[in-house]
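> Structure: query-v1.csv, CSV, C-alpha atoms.
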chain,number,residue,atom,x,y,z
A,1,MET,CA,213.7,146.8,104.0
A,2,LYS,CA,215.6,143.5,104.2
A,3,SER,CA,217.8,144.5,101.2
A,4,SER,CA,218.5,147.9,102.8
A,5,ASN,CA,219.6,146.2,106.1
A,6,ASN,CA,221.9,143.8,104.2
A,7,LYS,CA,223.5,146.7,102.4
A,8,SER,CA,224.0,148.6,105.7
A,9,ARG,CA,225.5,145.4,107.3
A,10,ARG,CA,227.9,145.0,104.4
A,11,LYS,CA,228.9,148.6,104.5
A,12,PHE,CA,229.6,148.4,108.2
A,13,PHE,CA,231.7,145.3,108.0
A,14,GLY,CA,233.6,146.8,105.1
A,15,ALA,CA,234.4,149.8,107.1
A,16,MET,CA,235.6,147.6,110.0
A,17,ALA,CA,238.0,145.7,107.7
A,18,LEU,CA,239.4,148.9,106.2
A,19,GLY,CA,240.4,150.0,109.7
A,20,ALA,CA,238.0,153.0,109.6
A,21,THR,CA,237.0,152.2,113.2
A,22,ALA,CA,240.3,150.6,114.3
A,23,ALA,CA,240.5,152.9,117.3
A,24,SER,CA,237.3,151.3,118.7
A,25,LEU,CA,238.6,147.7,118.5
A,26,PRO,CA,240.4,147.2,121.8
A,27,PHE,CA,239.6,143.5,121.6
A,28,LEU,CA,242.6,143.0,119.4
A,29,THR,CA,244.9,143.2,122.4
A,30,HIS,CA,242.4,142.3,125.1
A,31,PRO,CA,243.6,139.8,127.8
A,32,ALA,CA,240.7,137.6,127.0
A,33,TYR,CA,242.4,136.7,123.7
A,34,ALA,CA,245.5,135.3,125.5
A,35,GLU,CA,244.4,131.7,125.2
A,36,SER,CA,243.2,132.2,121.7
A,37,ASP,CA,246.5,133.9,120.7
A,38,GLN,CA,248.2,130.7,121.9
A,39,LEU,CA,246.1,128.7,119.5
A,40,ALA,CA,247.0,131.1,116.6
A,41,GLU,CA,250.7,131.2,117.6
A,42,SER,CA,250.9,127.4,117.5
A,43,LYS,CA,249.9,127.8,113.8
A,44,PHE,CA,252.3,130.7,113.3
A,45,GLU,CA,255.2,128.4,114.2
A,46,GLU,CA,254.5,126.5,111.0
A,47,ALA,CA,253.9,129.6,108.9
A,48,ASP,CA,257.5,130.4,107.9
A,49,ASP,CA,258.2,126.8,107.1
A,50,TRP,CA,255.0,126.6,105.1
A,51,PHE,CA,256.5,129.0,102.6
A,52,LYS,CA,259.1,126.4,101.8
A,53,ASN,CA,256.3,124.6,99.8
A,54,ILE,CA,256.8,127.3,97.1
A,55,LYS,CA,258.5,125.4,94.2
A,56,GLY,CA,259.3,125.6,90.6
A,57,LYS,CA,260.4,128.5,88.3
A,58,HIS,CA,257.0,130.0,87.8
A,59,ARG,CA,255.9,131.6,91.1
A,60,ILE,CA,253.1,134.1,91.8
A,61,VAL,CA,251.1,135.4,94.8
A,62,TYR,CA,247.6,136.7,94.5
A,63,ASP,CA,246.4,139.4,96.8
A,64,GLY,CA,242.8,138.1,97.6
A,65,SER,CA,241.7,141.2,99.5
A,66,THR,CA,238.1,141.1,98.2
A,67,PRO,CA,235.8,138.3,97.1
A,68,HIS,CA,235.6,139.9,93.6
A,69,GLY,CA,233.3,137.1,92.2
A,70,GLY,CA,235.8,134.4,93.0
A,71,LEU,CA,238.8,136.0,91.2
A,72,PRO,CA,241.3,135.2,94.0
A,73,VAL,CA,240.7,131.5,93.2
A,74,ILE,CA,240.0,131.9,89.4
A,75,TRP,CA,243.3,133.7,88.8
A,76,ASN,CA,245.2,131.0,90.7
A,77,TRP,CA,243.7,128.4,88.4
A,78,ALA,CA,244.4,130.6,85.4
A,79,PHE,CA,248.1,130.7,86.3
A,80,TYR,CA,248.3,126.9,86.3
A,81,THR,CA,246.3,126.6,83.1
A,82,SER,CA,248.2,129.1,81.1
A,83,ASN,CA,251.6,127.8,82.2
A,84,ASN,CA,250.5,124.3,81.3
A,85,GLU,CA,249.6,125.6,77.8
A,86,THR,CA,253.1,126.9,77.4
A,87,GLY,CA,254.8,123.6,78.3
A,88,SER,CA,255.2,123.8,82.1
A,89,LYS,CA,254.1,121.0,84.4
A,90,ASP,CA,252.3,121.6,87.7
A,91,SER,CA,255.5,120.6,89.5
A,92,GLU,CA,257.2,123.6,88.0
A,93,ILE,CA,254.5,126.1,89.2
A,94,THR,CA,253.4,127.6,92.4
A,95,ALA,CA,250.4,130.0,92.7
A,96,MET,CA,249.6,131.3,96.1
A,97,THR,CA,246.4,133.1,97.2
A,98,VAL,CA,246.4,135.2,100.3
A,99,PHE,CA,242.8,135.5,101.7
A,100,ARG,CA,242.6,138.8,103.6
A,101,HIS,CA,240.4,141.8,104.2
A,102,THR,CA,236.8,140.8,103.0
A,103,GLY,CA,238.3,138.1,100.8
A,104,LEU,CA,239.1,136.3,104.0
A,105,MET,CA,235.7,134.5,103.9
A,106,TYR,CA,236.8,132.1,101.2
A,107,ALA,CA,239.2,130.5,103.8
A,108,PHE,CA,236.4,129.0,105.9
A,109,ASN,CA,234.3,125.8,105.7
A,110,ASP,CA,230.5,125.7,105.1
A,111,GLU,CA,229.7,125.4,108.8
A,112,ILE,CA,231.3,128.8,109.5
A,113,TRP,CA,229.6,130.3,106.5
A,114,LYS,CA,226.2,129.1,107.7
A,115,LYS,CA,226.6,129.9,111.4
A,116,TYR,CA,228.0,133.4,110.9
A,117,GLN,CA,226.2,134.3,107.7
A,118,LEU,CA,229.4,135.1,105.9
A,119,GLY,CA,227.7,135.6,102.5
A,120,ALA,CA,225.5,138.3,104.0
A,121,MET,CA,228.5,139.8,105.8
A,122,VAL,CA,230.5,140.6,102.6
A,123,GLY,CA,227.8,140.4,99.9
A,124,ILE,CA,228.4,137.0,98.3
A,125,ASN,CA,225.3,135.4,96.9
A,126,ASP,CA,224.6,131.8,96.0
A,127,SER,CA,224.2,131.5,92.3
A,128,TYR,CA,221.5,128.8,92.8
A,129,THR,CA,219.4,130.6,95.5
A,130,GLU,CA,220.2,134.2,94.6
A,131,ALA,CA,220.3,134.8,98.3
A,132,PRO,CA,223.4,135.4,100.5
A,133,SER,CA,225.4,132.3,100.4
A,134,LEU,CA,225.4,129.8,103.3
A,135,ARG,CA,228.3,127.8,101.8
A,136,ASN,CA,231.8,128.4,100.5
A,137,THR,CA,231.3,128.7,96.8
A,138,VAL,CA,235.0,128.3,95.8
A,139,TYR,CA,236.2,125.3,97.8
A,140,GLU,CA,234.4,122.6,95.7
A,141,PRO,CA,232.5,124.9,93.3
A,142,LYS,CA,229.2,123.7,91.7
A,143,GLU,CA,228.6,124.2,88.0
A,144,LYS,CA,227.2,127.8,88.2
A,145,ASP,CA,229.5,129.1,90.9
A,146,PHE,CA,232.2,130.3,88.5
A,147,PRO,CA,231.5,132.2,85.2
A,148,LEU,CA,233.0,129.5,83.1
A,149,PRO,CA,232.9,125.7,83.4
A,150,GLY,CA,236.0,123.7,84.2
A,151,ILE,CA,237.6,126.1,86.7
A,152,ASP,CA,239.2,124.4,89.6
A,153,GLY,CA,238.2,125.3,93.2
A,154,VAL,CA,240.5,125.5,96.2
A,155,LYS,CA,240.5,121.8,96.9
A,156,ARG,CA,241.5,120.7,93.4
A,157,LEU,CA,244.1,123.5,93.2
A,158,GLN,CA,245.7,122.4,96.5
A,159,GLU,CA,246.0,118.9,94.9
A,160,ARG,CA,247.9,120.6,92.0
A,161,GLY,CA,250.3,122.4,94.4
A,162,ALA,CA,248.6,125.7,94.9
A,163,LEU,CA,248.9,127.4,98.3
A,164,PHE,CA,246.2,129.3,100.3
A,165,CYS,CA,246.6,131.2,103.5
A,166,ALA,CA,244.3,133.3,105.8
A,167,CYS,CA,244.9,136.6,107.6
A,168,ASN,CA,244.7,136.2,111.4
A,169,LEU,CA,244.3,139.9,111.9
A,170,ALA,CA,241.2,140.0,109.7
A,171,THR,CA,239.9,136.9,111.4
A,172,LYS,CA,240.0,138.6,114.8
A,173,VAL,CA,238.2,141.7,113.4
A,174,PHE,CA,235.4,139.9,111.6
A,175,SER,CA,234.8,137.2,114.1
A,176,SER,CA,234.6,139.7,117.0
A,177,VAL,CA,232.2,141.9,115.1
A,178,ALA,CA,230.1,138.9,114.2
A,179,ALA,CA,230.1,137.8,117.8
A,180,LYS,CA,228.9,141.1,119.0
A,181,SER,CA,226.0,141.0,116.5
A,182,MET,CA,225.1,137.5,117.7
A,183,ASP,CA,225.6,138.3,121.5
A,184,MET,CA,228.4,135.8,121.6
A,185,ASP,CA,231.7,135.7,123.5
A,186,PRO,CA,234.2,137.0,120.9
A,187,THR,CA,236.9,134.6,122.1
A,188,GLU,CA,234.5,131.7,121.4
A,189,ALA,CA,233.7,133.0,118.0
A,190,TYR,CA,237.4,133.6,117.1
A,191,ASN,CA,238.3,130.0,118.1
A,192,ASP,CA,235.4,128.8,116.1
A,193,TRP,CA,236.6,130.5,113.0
A,194,ILE,CA,240.2,129.3,113.5
A,195,ASN,CA,239.0,125.8,113.8
A,196,GLY,CA,236.8,126.3,110.8
A,197,LEU,CA,239.6,127.0,108.4
A,198,LEU,CA,239.5,124.8,105.2
A,199,PRO,CA,241.9,121.9,105.2
A,200,GLY,CA,245.3,122.9,104.2
A,201,VAL,CA,244.7,126.7,104.5
A,202,GLN,CA,247.6,128.1,106.5
A,203,LEU,CA,246.8,130.8,109.2
A,204,VAL,CA,249.3,133.7,109.0
A,205,PRO,CA,249.8,136.7,111.3
A,206,SER,CA,248.4,139.0,108.6
A,207,GLY,CA,247.7,139.0,104.9
A,208,VAL,CA,250.3,141.7,104.3
A,209,TRP,CA,252.9,139.7,106.2
A,210,ALA,CA,252.2,136.7,103.9
A,211,LEU,CA,252.4,138.8,100.8
A,212,GLY,CA,255.8,140.0,101.9
A,213,ARG,CA,257.0,136.5,102.7
A,214,ALA,CA,255.8,135.2,99.4
A,215,GLN,CA,257.7,137.9,97.5
A,216,ALA,CA,260.8,137.2,99.5
A,217,ASN,CA,260.5,133.6,98.3
A,218,GLY,CA,260.5,134.5,94.7
A,219,CYS,CA,256.8,135.1,94.0
A,220,GLY,CA,255.6,137.9,91.7
A,221,TYR,CA,252.7,140.0,93.1
A,222,ILE,CA,249.3,140.3,91.4
A,223,PHE,CA,246.2,141.9,92.8
A,224,ALA,CA,243.3,139.4,92.4
A,225,GLY,CA,240.8,141.9,91.0
A,226,GLY,CA,239.4,142.6,87.6
Produce structure tokens that represent the structure in this file.

Amino acid sequence: MKSSNNKSRRKFFGAMALGATAASLPFLTHPAYAESDQLAESKFEEADDWFKNIKGKHRIVYDGSTPHGGLPVIWNWAFYTSNNETGSKDSEITAMTVFRHTGLMYAFNDEIWKKYQLGAMVGINDSYTEAPSLRNTVYEPKEKDFPLPGIDGVKRLQERGALFCACNLATKVFSSVAAKSMDMDPTEAYNDWINGLLPGVQLVPSGVWALGRAQANGCGYIFAGG
């Protein structure tokens, strides 16, 4: 029964993120979000300038729209590794990952993962417990979190110059639905999520906005799937 409930929960959240029930989400423009929007807008002021961090002749943006077993981060690492192997230094490379849709969850710290059950929400299991993860498995990955040893997580990739950003639109959707299931104030949950972004992860108005900005700044586009 528990497994069935988890599957139904994931299916529901997936439908929400796809926009299948967008007409029933008036909270996106609800006055209660005015103060929260100011918090987000203060971060948006930095967003366009943040894209100036894109550097070097090798530039790519990964569309991290689903968790896909960590591929939105793995392919970021692969871009650095393969360019290193062909003679390019990290300073000549920029790989960006846009965390959006259900892939958004990789943008948050362990506290948010545990409090809001993000692993159960989008079907990410902890390789050690084989249960829905209560931690971010790609920020500082443990030995069994990725399919191969030696793959850098978000924190190490940021040190190498990689860029990561998070979709505000998806954050509103998922945090509000989570708040409803927990009988919380959606504004409180939203603020919680925004404040729980990983260090160095830039909040952007939407993931598709960021993908467009990245390509305008010379990045090629790759879907971070299989």
> Given all atoms listed in the file, how would the per-residue table for segment 40-133 of chain A near segment 179-197 of chain A read, listing every residue at most 6 Å away with its closest atom pair and distance in Å to one decimal, sorted by chain and number, as a Markdown table?

| residue | atom | partner | partner_atom | distance |
| --- | --- | --- | --- | --- |
| A:Ala107 | CA | A:Leu197 | CA | 5.8 |
| A:Phe108 | CA | A:Leu197 | CA | 4.5 |
| A:Asn109 | CA | A:Gly196 | CA | 5.7 |
> Hey, can you pull every residue with an atom no more than 12 Å from (235.1, 128.3, 90.1), using only C-alpha atoms, and send it as a ChimeraX atom specification?
/A:69-78,106,127,136-157
> Interatomic distance between atom CA of Leu104 of chain A and atom CA of Val122 of chain A?
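Atom CA of Val122 of chain A lies at a distance of 9.7 Å from atom CA of Leu104 of chain A.
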> With distances taken over only C-alpha atoms, which residue among A:Ala131, A:Val173, A:Ala40, A:Ala95 lies nearest Tyr62 of chain A?
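Of A:Ala131, A:Val173, A:Ala40, A:Ala95, the one nearest Tyr62 of chain A is A:Ala95, counting only C-alpha atoms.
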> Per residue of segment 124-203 of chain A within 9 Å of segment 44-51 of chain A, what are the shortest atom pair and its distance in Å to one decimal, counting all atoms listed in the file, with rows by chain and residue number, as JSON lines?

{"residue": "A:Leu163", "atom": "CA", "partner": "A:Phe51", "partner_atom": "CA", "distance": 8.9}
{"residue": "A:Gln202", "atom": "CA", "partner": "A:Ala47", "partner_atom": "CA", "distance": 6.9}
{"residue": "A:Leu203", "atom": "CA", "partner": "A:Phe44", "partner_atom": "CA", "distance": 6.9}
> Residues within 6 Å of Asn168 of chain A, please, as a PyMOL selection string. Count only C-alpha atoms; anything in the same chain fewer than 4 positions from it doesn't count.
chain A and resi 204-206
> Set the distance at 7 Å and use all atoms listed in the file: which residues neighbour Cys219 of chain A once local chain neighbours fewer than 5 positions away are removed? I'd like the list as a compact mmCIF listing (two decimals) with C-alpha atoms, keeping the file's coordinate frame.

# COMPACT_ATOMS: atom_id res chain seq x y z
CA ARG A 59 255.90 131.60 91.10
CA ILE A 60 253.10 134.10 91.80
CA VAL A 61 251.10 135.40 94.80
CA ALA A 214 255.80 135.20 99.40
> Show me the residues around (225.2, 129.4, 109.3) - criterion: an atom at most 12 Å away, all atoms listed in the file counted - as an mmCIF file with C-alpha atoms, in the frame of the given file.

data_model
loop_
_atom_site.group_PDB
_atom_site.id
_atom_site.type_symbol
_atom_site.label_atom_id
_atom_site.label_comp_id
_atom_site.auth_asym_id
_atom_site.auth_seq_id
_atom_site.Cartn_x
_atom_site.Cartn_y
_atom_site.Cartn_z
ATOM 1 C CA PHE A 108 236.400 129.000 105.900
ATOM 2 C CA ASN A 109 234.300 125.800 105.700
ATOM 3 C CA ASP A 110 230.500 125.700 105.100
ATOM 4 C CA GLU A 111 229.700 125.400 108.800
ATOM 5 C CA ILE A 112 231.300 128.800 109.500
ATOM 6 C CA TRP A 113 229.600 130.300 106.500
ATOM 7 C CA LYS A 114 226.200 129.100 107.700
ATOM 8 C CA LYS A 115 226.600 129.900 111.400
ATOM 9 C CA TYR A 116 228.000 133.400 110.900
ATOM 10 C CA GLN A 117 226.200 134.300 107.700
ATOM 11 C CA LEU A 118 229.400 135.100 105.900
ATOM 12 C CA GLY A 119 227.700 135.600 102.500
ATOM 13 C CA ALA A 120 225.500 138.300 104.000
ATOM 14 C CA MET A 121 228.500 139.800 105.800
ATOM 15 C CA PRO A 132 223.400 135.400 100.500
ATOM 16 C CA SER A 133 225.400 132.300 100.400
ATOM 17 C CA LEU A 134 225.400 129.800 103.300
ATOM 18 C CA ARG A 135 228.300 127.800 101.800
ATOM 19 C CA ASN A 136 231.800 128.400 100.500
ATOM 20 C CA ALA A 178 230.100 138.900 114.200
ATOM 21 C CA MET A 182 225.100 137.500 117.700
#
> Would you give me, as CSV, each residue of segment 113-179 of chain A having an atom within 10 Å of an atom of segment 88-93 of chain A, along with its shortest atom pair and that distance in Å to one decimal, using only C-alpha atoms and sorting by chain and residue number?

residue,atom,partner,partner_atom,distance
A:Glu159,CA,A:Asp90,CA,9.9
A:Arg160,CA,A:Asp90,CA,6.2
A:Gly161,CA,A:Asp90,CA,7.0
A:Ala162,CA,A:Ile93,CA,8.2
> Pick the closest to Phe174 of chain A from A:His58, A:Gly103, A:Asn83, A:Asp63: which is it, counting all atoms listed in the file?
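With all atoms listed in the file as the atom set, the closest residue is A:Gly103.
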> For atom CA of Ser176 of chain A and atom CA of Gly64 of chain A, determine how far apart the two atoms are, in Å to one decimal place.
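Answer for the atom CA of Ser176 of chain A to atom CA of Gly64 of chain A separation: 21.1 Å.
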> In Å, how far is it from atom CA of Arg100 of chain A to atom CA of Val201 of chain A?
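Atom CA of Val201 of chain A lies at a distance of 12.3 Å from atom CA of Arg100 of chain A.
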> Counting all atoms listed in the file, figure out which residue out of A:Asn84, A:Gly56, A:Cys165, A:His101 gets nearest to Arg213 of chain A.
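Answer, going by the shortest atom-to-atom distance: A:Cys165.
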